[in-house]
Amino acid sequence: MPELPAPCLLCRGERAERADGAIRCARCGWRFGDAPDPDLPPPRVDVVYYLRWRDRIKIGTTANPRQRLAAIRHEELLAFERGDRTLEHSRHIEFAELRLGGEWFAAADPLVTHASRLRGDREPWDSYLRWFATDLAAITG
Ligand SMILES: [Zn+2]
């Protein structure tokens, strides 16, 4: 994989990919050479997160995942899924038979498989960066 001429302005990634006729950051997809407008507020990206602690998984939602995850004891971030309270609520219902209380669920199937499918072959934070970069590009124009 070739390298970007300079680190990505959004995520400091260094690997390059060619997509949609442009040189992009292979991690977040930001187009090399574009600069985010510092006067624009950053896009709001709501996510549902799947956090494992021992044999439990917490399904929650936030628009500030770094801050939120830092406040929750966990061993592993399994996956992010794009969505807000509506999606979170439907996942709580979908996996209700595994529910241990509050937002915590037993780390068992079908929930583990669901999180694994969401993750695919991309690190959860890379997926988040990609959603953020896509939305930022849309408002940057
Ligand atoms: Zn990047």
# chains A, B, ... in the order shown; residues from 1 in each chain; ligands from 1
$ closest_atom_pairs --of "chain A" --to "ligand 1" --cutoff "8 Å" --atoms "only C-alpha atoms and all ligand atoms" --output "Markdown table"
| residue | atom | partner | partner_atom_place_in_ligand_line | distance |
| --- | --- | --- | --- | --- |
| A:Pro7 | CA | ligand 1 | 1 (Zn) | 7.8 |
| A:Cys8 | CA | ligand 1 | 1 (Zn) | 4.6 |
| A:Leu9 | CA | ligand 1 | 1 (Zn) | 6.6 |
| A:Leu10 | CA | ligand 1 | 1 (Zn) | 5.0 |
| A:Cys11 | CA | ligand 1 | 1 (Zn) | 4.2 |
| A:Arg12 | CA | ligand 1 | 1 (Zn) | 5.8 |
| A:Gly13 | CA | ligand 1 | 1 (Zn) | 4.8 |
| A:Glu14 | CA | ligand 1 | 1 (Zn) | 7.7 |
| A:Arg24 | CA | ligand 1 | 1 (Zn) | 7.7 |
| A:Cys25 | CA | ligand 1 | 1 (Zn) | 4.6 |
| A:Ala26 | CA | ligand 1 | 1 (Zn) | 6.8 |
| A:Arg27 | CA | ligand 1 | 1 (Zn) | 5.2 |
| A:Cys28 | CA | ligand 1 | 1 (Zn) | 4.1 |
| A:Gly29 | CA | ligand 1 | 1 (Zn) | 5.9 |
| A:Trp30 | CA | ligand 1 | 1 (Zn) | 5.4 |
| A:Leu129 | CA | ligand 1 | 1 (Zn) | 7.3 |
| A:Arg130 | CA | ligand 1 | 1 (Zn) | 7.8 |
| A:Ala133 | CA | ligand 1 | 1 (Zn) | 7.6 |
$ residues_around --residues "Tyr128 (chain A)" --least-positions-apart "6" --cutoff "9 Å" --atoms "only C-alpha atoms" --output "ChimeraX atom specification"
/A:28,45,47,80-82
$ closest_residue --among "A:Leu87, A:Ile139, A:Ala79, A:Ile93" --to "Thr113 (chain A)" --atoms "only C-alpha atoms"
A:Ala79
$ atom_distance --atom1 "CA of Leu4 (chain A)" --atom2 "CA of Pro42 (chain A)"
23.6 Å
$ atom_distance --atom1 "CA of Arg73 (chain A)" --atom2 "CA of Ser127 (chain A)"
21.7 Å
$ closest_residue --among "A:Leu51, A:Leu77, A:Ala137, A:Ala19" --to "Glu103 (chain A)" --atoms "only C-alpha atoms"
A:Leu51
$ closest_residue --among "A:Ala70, A:Ile23, A:Ile59, A:Leu118" --to "Glu88 (chain A)" --atoms "only C-alpha atoms"
A:Ile59
$ atom_distance --atom1 "CA of His114 (chain A)" --atom2 "CA of Trp53 (chain A)"
16.8 Å
$ select_by_dssp --residues "chain A" --states "alpha helix (DSSP H)" --output "PyMOL selection string"
chain A and resi 65-70+85-94+111-119+124-140
$ write_last_selection --atoms "C-alpha atoms" --output "CSV table (one decimal), in the first residue's frame"
chain,number,residue,atom,x,y,z
A,65,PRO,CA,-17.6,7.8,21.8
A,66,ARG,CA,-14.1,8.7,23.1
A,67,GLN,CA,-15.4,10.5,26.1
A,68,ARG,CA,-18.2,7.9,26.7
A,69,LEU,CA,-16.0,4.8,26.4
A,70,ALA,CA,-13.4,6.3,28.7
A,85,ARG,CA,-31.3,5.9,20.5
A,86,THR,CA,-33.8,4.4,18.1
A,87,LEU,CA,-31.4,1.8,16.9
A,88,GLU,CA,-30.1,1.2,20.4
A,89,HIS,CA,-33.6,0.5,21.6
A,90,SER,CA,-34.3,-1.9,18.8
A,91,ARG,CA,-31.1,-3.8,19.6
A,92,HIS,CA,-32.0,-4.0,23.3
A,93,ILE,CA,-35.3,-5.6,22.2
A,94,GLU,CA,-33.6,-7.9,19.6
A,111,LEU,CA,-25.2,-11.0,20.1
A,112,VAL,CA,-21.5,-12.0,19.7
A,113,THR,CA,-22.0,-13.0,16.0
A,114,HIS,CA,-23.9,-9.7,15.4
A,115,ALA,CA,-21.0,-7.6,16.8
A,116,SER,CA,-18.5,-9.7,14.8
A,117,ARG,CA,-20.5,-9.1,11.6
A,118,LEU,CA,-20.7,-5.4,12.3
A,119,ARG,CA,-16.9,-5.2,12.9
A,124,PRO,CA,-14.2,-0.1,15.1
A,125,TRP,CA,-12.3,3.2,15.5
A,126,ASP,CA,-11.5,3.1,11.8
A,127,SER,CA,-15.1,2.7,11.0
A,128,TYR,CA,-16.0,5.6,13.2
A,129,LEU,CA,-13.3,7.8,11.6
A,130,ARG,CA,-14.7,6.9,8.2
A,131,TRP,CA,-18.2,7.9,9.1
A,132,PHE,CA,-16.9,11.1,10.6
A,133,ALA,CA,-14.7,11.9,7.5
A,134,THR,CA,-17.6,11.2,5.1
A,135,ASP,CA,-20.0,13.5,7.0
A,136,LEU,CA,-17.3,16.2,7.3
A,137,ALA,CA,-16.6,16.0,3.6
A,138,ALA,CA,-20.4,16.4,2.9
A,139,ILE,CA,-20.5,19.7,4.9
A,140,THR,CA,-17.2,20.9,3.7
$ select_by_dssp --residues "chain A" --states "strand (DSSP E or B)" --output "ChimeraX atom specification"
/A:3,15-19,22-25,31,47-53,56-62,76-82,99-101,104-106
$ closest_residue --among "A:Phe95, A:Trp104, A:Glu123, A:Leu40" --to "Arg54 (chain A)" --atoms "only C-alpha atoms"
A:Trp104
